[in-house]
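Trainee: Once you've had a glance at the structure underneath, I'll fire off some questions.
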Amino acid sequence: MAADMLVAYYSKGCDSAELFNGREAKKAEDFDIHLNRHNVIRLDIQRFLETERDLTTFIADIEFKVIMELKAEFSQCKNIEIDGKLKTALDQIFFQTGNGFLFIIDEWDCVFRLARNHEKTQREYLDFLRGLFKGAEYVEPAYMTGILPIKKYGDHSAINIFKPGL
């Protein structure tokens with residue numbers, strides 16, 4: 001629910017001003033600054049990783065599905081799918097349009113719950129997230145929900161570019 005509310009607030013694809021009528025958030029002085037003004041990529045990791053059999057394919061599935069949506073939404077952009085990597089597609093869109101993306105990742109940590117004995121899968125997932133976010137010009141704010149803190153896993157520094165949320 002929290003992720004859906006963030007999408008409703010930030011996404012250009014929504015006209016959600018009325019949803020916030022009578023709510024405390026609307027009373028905030030800076031409420032209108034970000035209302036429906038961002039390209040939002042919302043991922044529910046649990047939808048890609050429903051069972052243990054998805055452990056070897058979920059990252060590729062995420063990249064494929066998001067790239068397909070990006071190609072449809074940004075059809076004017078060329079070279080979006082050079083290497084099948086989401087970060088490359090986002091770089092290309094940003095380079096050609098100047099448009100960044102706000103990320104909302106729900107259940108970011110389900111990989112660590114479902115694949116608790118699969119260190120390789122955990123490492124690949126952290127590499128994917130780090131590659132997607134760290135130093136990327138296209139990243140606007142990113143929100144990640146889950147019950148596990150973002151921290152060091154094994155010899156990985158994980159993704160240490162985030163500030164803890166409220």
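Labels used: A, B, ... for chains in the order of the structure tokens, numbers from 1 for residues in each chain, and numbers from 1 for ligands as shown.
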Just want the 10 Å neighbourhood of Gln92 (chain A), counted on only C-alpha atoms, with same-chain residues fewer than 3 positions away dropped. Output as a PyMOL selection string.
Mentor: chain A and resi 77-82+86-89+95-98+138
Trainee: With 12 Å as the cut-off and only C-alpha atoms counted, what is the closest atom pair between each nearby residue of region 102-154 of chain A and region 9-27 of chain A? Distances in Å to one decimal, ordered by chain and number, as CSV.
Mentor:
residue,atom,partner,partner_atom,distance
A:Leu102,CA,A:Tyr10,CA,8.0
A:Phe103,CA,A:Tyr10,CA,10.0
A:Ile104,CA,A:Tyr10,CA,10.0
A:Glu140,CA,A:Tyr10,CA,11.0
A:Pro141,CA,A:Tyr10,CA,10.2
A:Ala142,CA,A:Tyr10,CA,11.3
A:Tyr143,CA,A:Tyr10,CA,11.4
Trainee: Could the residues in this selection be saved with all heavy atoms as an mmCIF file, in the first residue's frame?
Mentor:
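Saved result, part_1.cif, follows:
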data_model
loop_
_atom_site.group_PDB
_atom_site.id
_atom_site.type_symbol
_atom_site.label_atom_id
_atom_site.label_comp_id
_atom_site.auth_asym_id
_atom_site.auth_seq_id
_atom_site.Cartn_x
_atom_site.Cartn_y
_atom_site.Cartn_z
ATOM 1 N N LEU A 102 12.367 7.850 -11.040
ATOM 2 C CA LEU A 102 12.201 7.631 -9.618
ATOM 3 C C LEU A 102 11.856 6.151 -9.459
ATOM 4 O O LEU A 102 10.993 5.640 -10.168
ATOM 5 C CB LEU A 102 11.075 8.512 -9.092
ATOM 6 C CG LEU A 102 10.874 8.543 -7.596
ATOM 7 C CD1 LEU A 102 10.492 9.944 -7.164
ATOM 8 C CD2 LEU A 102 9.836 7.544 -7.160
ATOM 9 N N PHE A 103 12.546 5.465 -8.576
ATOM 10 C CA PHE A 103 12.358 4.034 -8.385
ATOM 11 C C PHE A 103 11.605 3.763 -7.103
ATOM 12 O O PHE A 103 11.919 4.332 -6.056
ATOM 13 C CB PHE A 103 13.713 3.322 -8.310
ATOM 14 C CG PHE A 103 14.464 3.328 -9.599
ATOM 15 C CD1 PHE A 103 15.216 4.426 -9.968
ATOM 16 C CD2 PHE A 103 14.405 2.238 -10.457
ATOM 17 C CE1 PHE A 103 15.910 4.443 -11.161
ATOM 18 C CE2 PHE A 103 15.085 2.253 -11.653
ATOM 19 C CZ PHE A 103 15.841 3.358 -12.009
ATOM 20 N N ILE A 104 10.637 2.880 -7.196
ATOM 21 C CA ILE A 104 9.929 2.395 -6.014
ATOM 22 C C ILE A 104 10.007 0.875 -6.089
ATOM 23 O O ILE A 104 9.441 0.257 -6.987
ATOM 24 C CB ILE A 104 8.470 2.887 -5.983
ATOM 25 C CG1 ILE A 104 8.471 4.415 -5.909
ATOM 26 C CG2 ILE A 104 7.725 2.251 -4.814
ATOM 27 C CD1 ILE A 104 7.123 5.059 -6.060
ATOM 28 N N GLU A 140 16.585 9.426 -9.858
ATOM 29 C CA GLU A 140 16.019 10.442 -8.985
ATOM 30 C C GLU A 140 15.854 9.728 -7.644
ATOM 31 O O GLU A 140 16.545 8.747 -7.419
ATOM 32 C CB GLU A 140 14.719 10.952 -9.605
ATOM 33 C CG GLU A 140 14.990 11.728 -10.899
ATOM 34 C CD GLU A 140 13.738 12.239 -11.590
ATOM 35 O OE1 GLU A 140 12.623 11.987 -11.116
ATOM 36 O OE2 GLU A 140 13.893 12.891 -12.627
ATOM 37 N N PRO A 141 14.971 10.133 -6.773
ATOM 38 C CA PRO A 141 14.854 9.378 -5.524
ATOM 39 C C PRO A 141 14.530 7.908 -5.778
ATOM 40 O O PRO A 141 13.966 7.539 -6.801
ATOM 41 C CB PRO A 141 13.693 10.061 -4.803
ATOM 42 C CG PRO A 141 13.686 11.439 -5.340
ATOM 43 C CD PRO A 141 14.107 11.307 -6.771
ATOM 44 N N ALA A 142 14.909 7.084 -4.826
ATOM 45 C CA ALA A 142 14.576 5.661 -4.859
ATOM 46 C C ALA A 142 14.043 5.281 -3.492
ATOM 47 O O ALA A 142 14.620 5.647 -2.472
ATOM 48 C CB ALA A 142 15.799 4.828 -5.209
ATOM 49 N N TYR A 143 12.932 4.577 -3.493
ATOM 50 C CA TYR A 143 12.320 4.082 -2.265
ATOM 51 C C TYR A 143 12.301 2.575 -2.334
ATOM 52 O O TYR A 143 11.917 2.002 -3.341
ATOM 53 C CB TYR A 143 10.883 4.595 -2.110
ATOM 54 C CG TYR A 143 10.788 6.085 -1.969
ATOM 55 C CD1 TYR A 143 10.608 6.894 -3.083
ATOM 56 C CD2 TYR A 143 10.875 6.682 -0.717
ATOM 57 C CE1 TYR A 143 10.517 8.278 -2.958
ATOM 58 C CE2 TYR A 143 10.791 8.059 -0.582
ATOM 59 C CZ TYR A 143 10.610 8.837 -1.706
ATOM 60 O OH TYR A 143 10.527 10.195 -1.566
#
Trainee: What's the separation between CA of Asn117 (chain A) and CA of Leu55 (chain A), in Å to one decimal place?
Mentor: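 Between CA of Asn117 (chain A) and CA of Leu55 (chain A) the gap works out to 11.3 Å.
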Trainee: Write out as a list in words all residues of region 14-77 of chain A that backbone DSSP assigns to strand (DSSP E or B).
Mentor: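 Matching residues for strand (DSSP E or B) in region 14-77 of chain A are His38, Val40, Ile41, Arg42, Leu43 and Asp44 of chain A.
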Trainee: For CA of Leu129 (chain A) and CA of Ala8 (chain A), determine how far apart the two atoms are, in Å to one decimal place.
Mentor: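 If I compute the distance from CA of Leu129 (chain A) to CA of Ala8 (chain A), I get 23.4 Å.
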